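Okay, entry-v8.cif is below, mmCIF, C-alpha atoms:
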data_my_file
loop_
_atom_site.label_atom_id
_atom_site.label_comp_id
_atom_site.auth_asym_id
_atom_site.auth_seq_id
_atom_site.Cartn_x
_atom_site.Cartn_y
_atom_site.Cartn_z
CA MET C 1 20.82 11.64 3.93
CA THR C 2 19.35 10.91 0.55
CA ARG C 3 16.07 9.15 0.04
CA ARG C 4 17.85 6.15 -1.49
CA ALA C 5 20.09 5.80 1.54
CA THR C 6 17.06 5.94 3.82
CA SER C 7 15.14 3.28 1.90
CA ALA C 8 18.20 1.02 1.58
CA ARG C 9 17.66 -0.20 5.16
CA PRO C 10 13.97 -0.83 5.55
CA THR C 11 12.13 -0.07 8.74
CA LYS C 12 10.08 -2.74 10.50
CA ARG C 13 6.96 -0.96 9.26
CA ARG C 14 8.11 -0.84 5.63
CA ALA C 15 9.09 -4.51 5.80
CA GLY C 16 5.69 -5.29 7.34
CA ARG C 17 3.93 -3.50 4.50
CA PHE C 18 6.06 -5.29 1.92
CA ALA C 19 5.33 -8.69 3.52
CA ALA C 20 1.60 -7.83 3.75
CA VAL C 21 1.48 -7.16 0.00
CA GLN C 22 3.20 -10.49 -0.61
CA ALA C 23 0.75 -12.29 1.69
CA LEU C 24 -2.31 -10.64 0.11
CA TYR C 25 -0.95 -11.63 -3.31
CA GLN C 26 -0.54 -15.23 -2.11
CA ILE C 27 -4.06 -15.29 -0.63
CA GLU C 28 -5.55 -13.96 -3.86
CA LEU C 29 -3.70 -16.43 -6.09
CA THR C 30 -4.04 -19.55 -3.97
CA GLY C 31 -7.32 -19.00 -2.13
CA ALA C 32 -5.53 -19.86 1.13
CA ALA C 33 -7.07 -18.61 4.36
CA PRO C 34 -5.46 -15.42 5.69
CA PRO C 35 -4.66 -16.92 9.13
CA ALA C 36 -2.76 -19.79 7.48
CA VAL C 37 -0.78 -17.42 5.25
CA ILE C 38 -0.01 -15.12 8.18
CA GLU C 39 1.19 -18.09 10.25
CA GLU C 40 3.36 -19.33 7.37
CA PHE C 41 4.92 -15.89 6.90
CA VAL C 42 5.66 -15.45 10.58
CA LYS C 43 7.02 -18.97 11.00
CA PHE C 44 9.08 -19.28 7.83
CA ARG C 45 9.87 -15.73 6.73
CA MET C 46 10.03 -13.64 9.89
CA GLU C 47 11.64 -15.87 12.50
CA ALA C 48 15.36 -15.59 13.22
CA THR C 49 15.96 -18.76 11.21
CA ALA C 50 14.55 -17.17 8.06
CA ASP C 51 16.70 -16.24 5.09
CA LYS C 52 18.83 -13.30 6.21
CA ARG C 53 18.33 -11.66 2.79
CA SER C 54 14.56 -11.68 3.13
CA LEU C 55 12.93 -8.30 3.63
CA ALA C 56 10.07 -10.04 5.46
CA ARG C 57 12.55 -11.06 8.17
CA GLU C 58 12.69 -7.41 9.25
CA ALA C 59 8.91 -7.01 9.48
CA ASP C 60 6.88 -6.10 12.53
CA PRO C 61 4.73 -9.27 12.84
CA ALA C 62 1.83 -7.54 14.61
CA MET C 63 1.57 -4.79 12.02
CA PHE C 64 1.94 -7.33 9.22
CA ALA C 65 -0.91 -9.45 10.59
CA GLU C 66 -3.14 -6.39 11.09
CA LEU C 67 -2.60 -5.24 7.51
CA VAL C 68 -3.28 -8.65 6.00
CA GLU C 69 -6.33 -9.41 8.14
CA GLY C 70 -7.78 -5.92 7.82
CA ALA C 71 -7.23 -5.52 4.08
CA TRP C 72 -8.64 -8.96 3.38
CA ARG C 73 -11.62 -8.57 5.72
CA GLN C 74 -12.49 -5.19 4.18
CA ARG C 75 -11.63 -6.06 0.57
CA GLU C 76 -15.19 -5.50 -0.69
CA ARG C 77 -15.35 -2.02 0.88
CA ILE C 78 -11.84 -1.29 -0.36
CA ASP C 79 -12.64 -2.42 -3.90
CA THR C 80 -15.79 -0.26 -3.83
CA LEU C 81 -13.57 2.75 -3.07
CA LEU C 82 -11.03 1.62 -5.64
CA LYS C 83 -13.31 1.28 -8.68
CA PRO C 84 -14.18 4.99 -9.12
CA ALA C 85 -10.55 5.99 -8.52
CA LEU C 86 -9.40 4.09 -11.59
CA ALA C 87 -8.95 5.83 -14.91
CA GLN C 88 -11.83 5.59 -17.35
CA GLY C 89 -11.87 2.20 -19.02
CA TRP C 90 -9.98 0.47 -16.22
CA THR C 91 -11.50 -2.35 -14.20
CA LEU C 92 -10.30 -4.18 -11.11
CA GLU C 93 -9.66 -7.24 -13.25
CA ARG C 94 -7.23 -5.27 -15.38
CA ILE C 95 -4.97 -4.48 -12.41
CA GLU C 96 -2.02 -6.83 -11.87
CA VAL C 97 -2.66 -8.99 -8.80
CA VAL C 98 0.40 -7.69 -6.95
CA LEU C 99 -0.61 -4.06 -7.58
CA HIS C 100 -4.16 -4.83 -6.47
CA ALA C 101 -2.68 -6.28 -3.25
CA ALA C 102 -0.60 -3.12 -2.73
CA LEU C 103 -3.62 -0.89 -3.35
CA ARG C 104 -5.78 -2.90 -0.95
CA ALA C 105 -3.17 -2.70 1.79
CA GLY C 106 -2.64 1.03 1.18
CA ILE C 107 -6.35 1.82 1.17
CA TYR C 108 -6.82 -0.26 4.32
CA GLU C 109 -4.14 1.81 6.03
CA LEU C 110 -5.75 5.05 4.88
CA ILE C 111 -9.01 3.84 6.42
CA ALA C 112 -7.80 2.20 9.62
CA ARG C 113 -4.52 3.81 10.62
CA ALA C 114 -5.36 7.48 11.14
CA ASN C 115 -2.25 7.85 13.30
CA VAL C 116 -0.08 7.37 10.19
CA PRO C 117 0.07 10.39 7.87
CA ALA C 118 -1.61 9.77 4.52
CA ARG C 119 1.45 10.95 2.60
CA VAL C 120 3.62 8.38 4.43
CA ILE C 121 1.19 5.59 3.55
CA ILE C 122 1.04 6.63 -0.10
CA THR C 123 4.83 6.94 -0.39
CA GLU C 124 5.38 3.54 1.20
CA TYR C 125 3.06 1.74 -1.22
CA VAL C 126 4.44 3.63 -4.22
CA ASP C 127 7.91 2.42 -3.22
CA ILE C 128 6.60 -1.14 -2.81
CA ALA C 129 4.95 -1.02 -6.24
CA ARG C 130 8.27 0.16 -7.66
CA LEU C 131 10.03 -2.86 -6.08
CA PHE C 132 7.52 -5.32 -7.54
CA SER C 133 6.98 -3.72 -10.94
CA GLY C 134 8.47 -0.46 -12.15
CA GLU C 135 8.05 3.28 -12.49
CA LYS C 136 4.89 3.17 -14.59
CA GLU C 137 3.13 0.93 -12.07
CA ALA C 138 4.42 3.01 -9.15
CA ALA C 139 2.92 6.12 -10.79
CA PHE C 140 -0.38 4.25 -11.18
CA VAL C 141 -0.40 3.30 -7.47
CA ASN C 142 0.49 6.89 -6.55
CA SER C 143 -2.35 8.30 -8.63
CA VAL C 144 -4.97 5.90 -7.28
CA LEU C 145 -3.93 6.18 -3.61
CA ASP C 146 -3.75 9.96 -3.91
CA ARG C 147 -7.32 10.13 -5.26
CA ILE C 148 -8.64 7.85 -2.54
CA GLY C 149 -6.57 9.59 0.13
CA ARG C 150 -8.10 12.94 -0.80
CA THR C 151 -11.55 11.41 -0.27
CA LEU C 152 -10.76 9.56 2.96
CA ARG C 153 -8.47 12.16 4.50
CA PRO C 154 -9.58 15.54 3.17
CA ASP C 155 -8.05 17.41 6.12
CA GLU C 156 -4.63 15.99 5.31
CA LEU C 157 -4.78 15.97 1.53
CA ARG C 158 -6.58 18.85 -0.10
CA PRO C 159 -8.95 17.91 -2.90
CA ALA C 160 -7.42 17.91 -6.36
CA PRO C 161 -8.10 21.05 -8.41
CA ALA C 162 -11.12 20.96 -10.69
CA ASP C 163 -10.44 20.52 -14.40
CA GLY C 164 -9.03 23.70 -15.82
CA GLU C 165 -7.79 25.07 -12.48
CA SER C 166 -4.12 25.64 -11.99
CA HIS C 167 -2.14 23.08 -10.04
CA ALA C 168 0.24 25.84 -9.01
CA LYS C 169 -2.03 26.90 -6.13
CA GLU C 170 -1.73 23.44 -4.61
CA ALA C 171 2.07 23.42 -4.88
CA ALA C 172 2.53 26.86 -3.35
CA PRO C 173 3.97 26.80 0.18
CA VAL C 174 1.66 27.80 3.01
CA ARG C 175 2.96 30.68 5.14
#

Output the file's structure in the form of structure tokens.
Amino acid sequence: MTRRATSARPTKRRAGRFAAVQALYQIELTGAAPPAVIEEFVKFRMEATADKRSLAREADPAMFAELVEGAWRQRERIDTLLKPALAQGWTLERIEVVLHAALRAGIYELIARANVPARVIITEYVDIARLFSGEKEAAFVNSVLDRIGRTLRPDELRPAPADGESHAKEAAPVR
């Protein structure tokens, strides 16, 4: 099965992540309280009466709520981790709000959900960024989450090679 075929039918977790990014975006733009936004999402976007085309309808409500509450509650810590992972000259204010929401949710998962492999988390949020924006933005999310993932989960993601070292060592299969 190809990757496209797999991602054509989202899992409850992927839909929960997607909805969490939407909710974090809404919280950031409107200043609404996270519990109110979570309740609105569950009631109007996740219940059986919701629009059948809505990706949020497929979401795991418990996971969705955990991601929104956790990412919002820890946003200062998350943003502190995020700042040094940005390219030189970039600031948090320069990041599109929806991408900032995706990064916050992804970093929260890297911190709080050790049972989920880091590479899965990164891939999921790269795919979400691609849905909201495009390839360039997805590459940005990949780069930032990879840097932070290597710091938070060094046993899973080996540190990036130092400047001047070959990347070939990292890509070589382990036997």

### Query
Can you list what the PyMOL selection byres ((chain C and resi 84-91) around 10) grabs from this structure, as a list in words?
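Applied to this file, the PyMOL selection byres ((chain C and resi 84-91) around 10) returns Asp79, Thr80, Leu81, Leu82, Lys83, Leu92, Glu93, Arg94, Ile95, Phe140, Val141, Ser143, Val144, Leu145, Asp146, Arg147, Ile148 and Thr151 of chain C.
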
Can you sort out the box for stretch 77-87 of chain C, edges along x, y and z, all listed atoms in, 5 Å on every side, with centre and edge lengths in Å to one decimal, as lines of an AutoDock Vina configuration file?
center_x = -12.4
center_y = 1.8
center_z = -7.0
size_x = 16.8
size_y = 18.4
size_z = 25.8

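Using only C-alpha atoms, the nearest neighbour of C:Val21 within the list C:Ile38, C:Ile111, C:Ala139, C:Leu99 is C:Leu99.
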
### Message
Given the PyMOL selection byres ((chain C and resi 28-32) around 12) and the file above, list the residues it selects as a list in words.
### Response
Val21, Gln22, Ala23, Leu24, Tyr25, Gln26, Ile27, Ala33, Pro34, Pro35, Ala36, Val37, Ile38, Glu39, Glu40, Val68, Ala71, Trp72, Arg75, Glu96, Val97, Val98, Leu99, His100, Ala101, Ala102 and Arg104 of chain C

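Interatomic distance, atom CA of C:Pro117 against atom CA of C:Met46: 26.1 Å.
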
### Task
Show which residues sit within 10 Å of C:Asp127, as a ChimeraX atom specification. Count all atoms listed in the file, and ignore same-chain residues fewer than 3 positions away.
/C:7,14,18,122-124,130-135,138-139,141-142

### Query
Of the candidates C:Ile121, C:Ile128, C:Ile78, C:Met63, which one gets nearest to C:Arg13 if we count only C-alpha atoms?
C:Met63

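With atom CA of C:Ala62 on one side and atom CA of C:Lys12 on the other, the separation reads 10.4 Å.
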
### Task
For atom CA of C:Glu69 and atom CA of C:Lys43, quote the distance in Å rounded to one decimal.
16.7 Å

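Ranking C:Ala112, C:Val42, C:Leu152, C:Ile107 by their shortest atom-to-atom distance to C:Phe64, with only C-alpha atoms included, puts C:Val42 first.
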
### Message
Measuring between only C-alpha atoms, which one of C:Tyr108, C:Glu137, C:Ala15, C:Val126 shows the shortest distance to C:Glu76?
### Response
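Between C:Tyr108, C:Glu137, C:Ala15, C:Val126, the residue approaching C:Glu76 most closely is C:Tyr108.
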
### Query
Which of these residues is nearest to C:Ala59, using only C-alpha atoms: C:Asp155, C:Leu103, C:Thr11, C:Arg73?
C:Thr11

### Query
Which one of C:Phe44, C:Glu66, C:Arg153, C:Gln74 sits closest to C:Arg17 if you count only C-alpha atoms?
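Result for the nearest residue to C:Arg17: C:Glu66.
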